[in-house]
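Asker: One structure, pasted below without further comment.
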Amino acid sequence: MTGRGDGNRDRDRAVTVQIGAVILFGFLIVALSTYQATVVPDQNREVEFLHSQEVQTDMVELSSSVAATGRTGDSAPATVKLGTRYPSRAFFVNPPPASGSLRSVEPSGDGNVTLENLSVMSSANGEAADYWDVPSNRNKSTRFVVYEPGYNVYRGGPATRYESGVTFNRFDGGANLTLIDQGVVEGDRVTLIAVSGDLDRSGVSTASVEPEAVSTVSRRERVSGELDVTVPTTLNATRWEELLADEIDDGWVNGTRQTGQGRVTIELNDSRTYSLGIAAVHLGSGGAPDRTPAYLDVERSPSEMTVDTTREVVVEVRDEYGNPVPGTAVAGYAPEGSFADGTTATVRTDDDGRAVFEYTAGGDDATLNFSFATEPDDPAFDGSAPENVSVNVSTTAGTGGGGGGGLTLVGDATAFDGEDGNDVPGGVSLTVRNTRATEITIVGATVMPEDSRYNGLSDAATGEGRGRSELFVSADGTAGYTDVQTTGAQYTYVTGRGRSLSLVESREERAYDTNSQSFVDVSTVVAPGGAVSVPSGADATVEFAEIYDLGTDTATAVNMSNKDVRVLVSYTTGDGKRTDEFVVTPEPPGTGDAGGNSAPTVSITDIQVSESGGSGNVQSVDVSFVPDDPDGNLDTATVTVRVGGTQTDARTVDVSGQEGTTVTVSDLDGANENGQVEVSVTVTDADGATGSDTKTEDEA
């Protein structure tokens, strides 16, 4: 072969290599293109999906921050990562970074939270109704907060929305996924947060949002279950009913209904009461709602006073959301009697929005006027205007415990434990002396703990009498009581004006049921003898059993030892009705008065029952007991007989000088009642200290 032939073979070999390289390069281009078209989008879709999960968490934290700011007033900043960037790629191309937007938007149509049939029960004088009865005042504007993604690949990424206390995802097909359940109704708590402000952030970076507290839920009102709450929402009534399923099952919510486009009404349970709180929170720029005083309410005031006694009248300034406004000047006017500096006074509200006026009663009934906006001594003063209140105080003659011609306090008041099944001395007992020259007749009494948290009164025991009735009064061989016929978890409700009980007439009193968490009206039962007569110079014992601290669903017995209590005793004389007022601090049980007096004791030793023939009906009862007193100053013993739970007789006898001896009281009336015979004996010493014993016929 020639050399030319060898050269041709080399050239053929080079061409083959070039062709192979081109083919390999083509494969590489195809692979890179396939990677760019399939793998890169999939990886970017994962980046966007992970961002979607992250931003949903951010929105949950933002909505929680809004709620916490509205409830506590402590601003809790939150961040929302608006968009995301893709990882850098050397040989491949990414789309622009995925951005997103965070905006506050107005609800379509009527964007107000609306309260219908609102009745505030915790307002002492009903003054809150002057404001809330105006329809426009029951509408509070609000806005939604919406995050919308701008993903390049993850087309199914949801928008996340915060609307009327609910945070949820909304997908393109209209499906919704709740991230945080509704916070409007939670048991007996109704909480509404009105959102304001212009929030408009977009891009890829992280947005920092700091909610601003405009009005915080520092004061809740007890309202009736007739309340209907309408909220703006893009969720329908069926979805809201699903969100409220637990409250519906527990009886707090009756149901929901669609109220026009974009509005759902939540119907509460008419038979229950609720704790209502409204907050306002501002996001972003724009003007926040003006938190100016909207109305004046009465927190505590006396309804009846004795001439020349001094009591506190407490009014509270509220904003349009019902929350206290501090630092507001409130003017007061007393046409009768006076404040600390005369007939007019100006007091600035404290951190709780309260202005405290010290009022001293004059000789006549008075209507006290208060306002933060007008002159309260203006003849044209309108007490029904929201910015004004009027408090009526009736005045009776008397000494208030300070001199002759009325009732005076004898010794120290004492705390005692009634027959309520616990060992907490929640009862209050005091002894008063008639210093008038003529007999008086006690017709009722009022108890008012100085601490407003102590708002319940209940003997929590069956039957009537001392330690078994809310009010018990005894003097000179007679006894009377007022028993509020509560059952189960019901407690007589003590308002800021106290609780007045009548010895002479049965009537309905307001009570609170901690089981149903609602207010009810309960009848009272009074002793057959009604009022209690107190001869001139004689002593009378006035007792309340027992004081409780009522929560929404709890009742805690209060140890009344060393707790200040205001007691008003009403009585009739030959020249009309009078009321004397005493502020007492009960000594612990058994400690007696400040001079070292010891409480007396008594033990029932025998009960003899006489029946009418063989009928089993009790005709009469004889009771034997042994009283004792370490100080040797026994005074009286009151024997009370109950047959089948019904009091049939009560008699007070003189036991002075009979320490350690057996005393028998015969022929106590059984009233021909049928049932178990139970006897209570209460002994009182000359300093007003008491001791008692209760036994059935079998126990004796």
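Order determines the names: the first chain of the structure tokens is A, the second B, and so forth; residues in each chain are numbered 1 upward, and ligands are numbered 1 upward as they are shown.
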Find the residues of stretch 222-259 of chain A that sit at most 8 Å from stretch 169-188 of chain A; for each, write down the nearest two atoms and how far apart they are in Å, to one decimal. Count only C-alpha atoms. Sort by chain, then by number going up, and give it as JSON lines.

Answerer:
{"residue": "A:Leu243", "atom": "CA", "partner": "A:Asp181", "partner_atom": "CA", "distance": 6.3}
{"residue": "A:Leu244", "atom": "CA", "partner": "A:Gln182", "partner_atom": "CA", "distance": 7.4}
{"residue": "A:Glu247", "atom": "CA", "partner": "A:Gly187", "partner_atom": "CA", "distance": 6.2}
{"residue": "A:Asp250", "atom": "CA", "partner": "A:Gly187", "partner_atom": "CA", "distance": 7.9}
{"residue": "A:Trp252", "atom": "CA", "partner": "A:Gly187", "partner_atom": "CA", "distance": 6.1}

Asker: Would you list, as a ChimeraX atom specification, the residues of stretch 360-395 of chain A that end up in strand (DSSP E or B) under DSSP run on this structure's backbone?

Answerer: /A:360,366-371,388-395

Asker: Which residue out of A:Ala415, A:Val153, A:Val356, A:Val229 has the minimum interatomic distance to A:Pro96 when only C-alpha atoms are used?

Answerer: A:Val153

Asker: Which residues are close to A:Val55, i.e. within 10 Å by only C-alpha atoms, leaving aside same-chain residues fewer than 5 positions away? Reply as a list of chain:residue names.

Answerer: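 Neighbouring residues, sequence-local ones excluded: A:Phe49, A:Leu50, A:Val60, A:Glu61, A:Thr79, A:Val80, A:Lys81, A:Leu82, A:Gly83, A:Gly100, A:Tyr147, A:Pro149, A:Ala159, A:Thr160.
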
Asker: How would the residues just chosen look if you wrote them out with C-alpha atoms as a CSV table (one decimal), in the first residue's frame?

Answerer:
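Okay, part_12.csv is ready:
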chain,number,residue,atom,x,y,z
A,49,PHE,CA,-44.5,25.3,48.5
A,50,LEU,CA,-42.2,25.5,51.5
A,60,VAL,CA,-51.1,32.5,62.2
A,61,GLU,CA,-48.6,34.4,64.4
A,79,THR,CA,-43.2,39.2,60.7
A,80,VAL,CA,-44.5,37.9,57.4
A,81,LYS,CA,-42.1,36.7,54.7
A,82,LEU,CA,-43.8,38.1,51.7
A,83,GLY,CA,-41.9,36.2,49.0
A,100,GLY,CA,-46.4,38.3,47.6
A,147,TYR,CA,-51.8,37.6,52.2
A,149,PRO,CA,-48.8,34.9,46.9
A,159,ALA,CA,-54.3,33.1,49.9
A,160,THR,CA,-54.3,33.3,53.7

Asker: Name all residues at most 6 Å from A:Glu659 (count only C-alpha atoms; drop same-chain ones fewer than 2 positions away) and give them as JSON, numbers by chain.

Answerer: {"A": [627, 628, 657, 661]}

Asker: For A:Val542, list every protein, DNA or RNA residue within 12 Å, evaluated using only C-alpha atoms, and leave out those in the same chain fewer than 4 positions away; present the list as a PDB file with C-alpha atoms, in the first residue's frame.

Answerer:
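Generated output (result.pdb):
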ATOM      1  CA  LEU A 407     -79.029  51.708 116.892  1.00  0.00           C
ATOM      2  CA  LEU A 409     -72.910  48.772 117.592  1.00  0.00           C
ATOM      3  CA  VAL A 410     -72.176  46.557 120.585  1.00  0.00           C
ATOM      4  CA  ALA A 413     -68.638  41.961 114.653  1.00  0.00           C
ATOM      5  CA  THR A 414     -67.535  38.367 114.211  1.00  0.00           C
ATOM      6  CA  ALA A 415     -67.146  35.999 111.287  1.00  0.00           C
ATOM      7  CA  GLY A 427     -70.820  34.607 107.725  1.00  0.00           C
ATOM      8  CA  VAL A 428     -70.979  38.050 109.320  1.00  0.00           C
ATOM      9  CA  SER A 429     -72.578  38.603 112.743  1.00  0.00           C
ATOM     10  CA  LEU A 430     -73.002  41.884 114.594  1.00  0.00           C
ATOM     11  CA  THR A 431     -74.954  43.015 117.623  1.00  0.00           C
ATOM     12  CA  VAL A 432     -76.730  46.360 117.763  1.00  0.00           C
ATOM     13  CA  ARG A 433     -78.461  48.058 120.711  1.00  0.00           C
ATOM     14  CA  ILE A 442     -86.272  45.679 112.465  1.00  0.00           C
ATOM     15  CA  VAL A 443     -87.769  45.097 109.020  1.00  0.00           C
ATOM     16  CA  GLY A 444     -84.702  44.303 106.916  1.00  0.00           C
ATOM     17  CA  ALA A 445     -80.969  44.691 106.375  1.00  0.00           C
ATOM     18  CA  THR A 446     -78.433  45.234 103.603  1.00  0.00           C
ATOM     19  CA  VAL A 447     -74.979  43.703 103.281  1.00  0.00           C
ATOM     20  CA  GLY A 465     -82.840  29.906 110.605  1.00  0.00           C
ATOM     21  CA  ARG A 466     -79.453  30.940 111.910  1.00  0.00           C
ATOM     22  CA  GLY A 467     -76.677  29.729 109.635  1.00  0.00           C
ATOM     23  CA  SER A 469     -80.764  31.583 105.954  1.00  0.00           C
ATOM     24  CA  GLU A 470     -79.110  34.470 104.183  1.00  0.00           C
ATOM     25  CA  LEU A 471     -80.408  36.934 106.826  1.00  0.00           C
ATOM     26  CA  PHE A 472     -81.128  36.071 110.462  1.00  0.00           C
ATOM     27  CA  VAL A 473     -82.164  38.592 113.142  1.00  0.00           C
ATOM     28  CA  SER A 474     -82.951  37.848 116.772  1.00  0.00           C
ATOM     29  CA  ALA A 475     -83.826  40.013 119.787  1.00  0.00           C
ATOM     30  CA  ALA A 479     -86.293  35.780 115.719  1.00  0.00           C
ATOM     31  CA  GLY A 480     -86.799  36.458 112.034  1.00  0.00           C
ATOM     32  CA  TYR A 481     -85.097  35.351 108.883  1.00  0.00           C
ATOM     33  CA  THR A 482     -85.070  35.802 105.145  1.00  0.00           C
ATOM     34  CA  LEU A 501     -83.281  41.590 102.210  1.00  0.00           C
ATOM     35  CA  LEU A 503     -87.894  40.384 106.885  1.00  0.00           C
ATOM     36  CA  VAL A 532     -88.230  41.558 114.897  1.00  0.00           C
ATOM     37  CA  VAL A 534     -86.341  45.348 119.893  1.00  0.00           C
ATOM     38  CA  VAL A 567     -74.235  46.739 106.947  1.00  0.00           C
ATOM     39  CA  LEU A 568     -77.417  48.801 106.886  1.00  0.00           C
ATOM     40  CA  VAL A 569     -80.187  47.910 109.348  1.00  0.00           C
ATOM     41  CA  SER A 570     -83.666  49.233 108.549  1.00  0.00           C
ATOM     42  CA  PHE A 582     -72.337  50.330 110.219  1.00  0.00           C
ATOM     43  CA  THR A 684     -75.157  35.222 122.914  1.00  0.00           C
ATOM     44  CA  GLY A 688     -72.437  40.121 121.353  1.00  0.00           C
ATOM     45  CA  ALA A 689     -70.285  37.027 120.766  1.00  0.00           C
ATOM     46  CA  THR A 690     -72.236  33.915 119.825  1.00  0.00           C
TER      47      THR A 690
END

Asker: Quick one: which stretch 312-334 of chain A residues come within 8 Å of stretch 206-218 of chain A, and what is the nearest atom pair for each with the distance in Å to one decimal, counting only C-alpha atoms, rows ordered by chain and ascending number, as CSV?

Answerer:
residue,atom,partner,partner_atom,distance
A:Asp319,CA,A:Ser215,CA,7.9
A:Tyr321,CA,A:Ser215,CA,7.1
A:Asn323,CA,A:Ser218,CA,6.2
A:Pro324,CA,A:Ser218,CA,7.2

Asker: Restricting the output to C-alpha atoms, write the selected residues as a short mmCIF file (atom, residue, chain, number, x, y, z; two decimals), in the first residue's frame.

Answerer:
data_model
loop_
_atom_site.label_atom_id
_atom_site.label_comp_id
_atom_site.auth_asym_id
_atom_site.auth_seq_id
_atom_site.Cartn_x
_atom_site.Cartn_y
_atom_site.Cartn_z
CA ASP A 319 -64.79 54.51 75.32
CA TYR A 321 -65.83 49.85 72.83
CA ASN A 323 -63.36 49.88 77.92
CA PRO A 324 -62.18 52.28 80.69
#

Asker: Select, from A:Pro589, A:Leu235, A:Leu102, A:Ser136, the residue with the minimum atom-to-atom distance to A:Gly203, counting only C-alpha atoms.

Answerer: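 Closest to A:Gly203, using only C-alpha atoms: A:Leu102.
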
Asker: A:Ala355, A:Ala538, A:Ala331, A:Val609: which is nearest A:Asn369, counting only C-alpha atoms?

Answerer: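 Of the candidates, the smallest distance to A:Asn369 is held by A:Ala331.
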
Asker: Which residue, A:Leu276, A:Leu668, A:Ala540, A:Leu457, has the smallest gap to A:Glu509 when you use only C-alpha atoms?

Answerer: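 Between A:Leu276, A:Leu668, A:Ala540, A:Leu457, the residue approaching A:Glu509 most closely is A:Leu457.
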
Asker: Go ahead and compute the interatomic distance for atom CA of A:Gln56 and atom CA of A:Ile278, in Å to one decimal.

Answerer: 26.2 Å

Asker: Which residues come within 6 Å of A:Ser603, counting only C-alpha atoms, excluding same-chain residues fewer than 2 positions away, as a PyMOL selection string?

Answerer: chain A and resi 625-626+693

Asker: Go ahead and dump the residues you just picked, C-alpha atoms, as an mmCIF file, in the first residue's frame.

Answerer:
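Result went into again.cif, see below:
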data_model
loop_
_atom_site.group_PDB
_atom_site.id
_atom_site.type_symbol
_atom_site.label_atom_id
_atom_site.label_comp_id
_atom_site.auth_asym_id
_atom_site.auth_seq_id
_atom_site.Cartn_x
_atom_site.Cartn_y
_atom_site.Cartn_z
ATOM 1 C CA PHE A 625 -79.156 22.389 126.562
ATOM 2 C CA VAL A 626 -76.072 23.435 128.523
ATOM 3 C CA ASP A 693 -75.352 23.856 118.310
#

Asker: For the alpha helix (DSSP H) assignment from backbone DSSP, which residues of stretch 126-196 of chain A qualify? Please present them as a ChimeraX atom specification.

Answerer: /A:129-132

Asker: Tell me, as a PDB file with N, CA and C atoms, in the first residue's frame, which residues lie within 6 Å of A:Ala700, counting only C-alpha atoms; anything in the same chain fewer than 3 positions away does not count.

Answerer:
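What landed in selection18.pdb:
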ATOM      1  N   THR A 605     -78.562  18.731 124.880  1.00  0.00           N
ATOM      2  CA  THR A 605     -78.456  17.436 125.574  1.00  0.00           C
ATOM      3  C   THR A 605     -79.695  16.564 125.428  1.00  0.00           C
ATOM      4  N   ASP A 606     -80.868  17.170 125.140  1.00  0.00           N
ATOM      5  CA  ASP A 606     -82.082  16.353 125.065  1.00  0.00           C
ATOM      6  C   ASP A 606     -83.148  17.067 124.245  1.00  0.00           C
ATOM      7  N   GLU A 697     -83.622  15.072 116.547  1.00  0.00           N
ATOM      8  CA  GLU A 697     -84.157  14.310 117.682  1.00  0.00           C
ATOM      9  C   GLU A 697     -83.334  13.056 117.911  1.00  0.00           C
TER      10      GLU A 697
END

Asker: Restrict the calculation to only C-alpha atoms, then for each residue of stretch 61-148 of chain A with any atom at most 10 Å from an atom of stretch 270-275 of chain A give the closest atom pair and their distance in Å to one decimal, rows by chain and rising residue number, as a tab-separated table.

Answerer:
residue	atom	partner	partner_atom	distance
A:Ser119	CA	A:Thr273	CA	10.0
A:Val120	CA	A:Tyr274	CA	9.7
A:Met121	CA	A:Thr273	CA	8.7
A:Ser122	CA	A:Ser275	CA	9.6
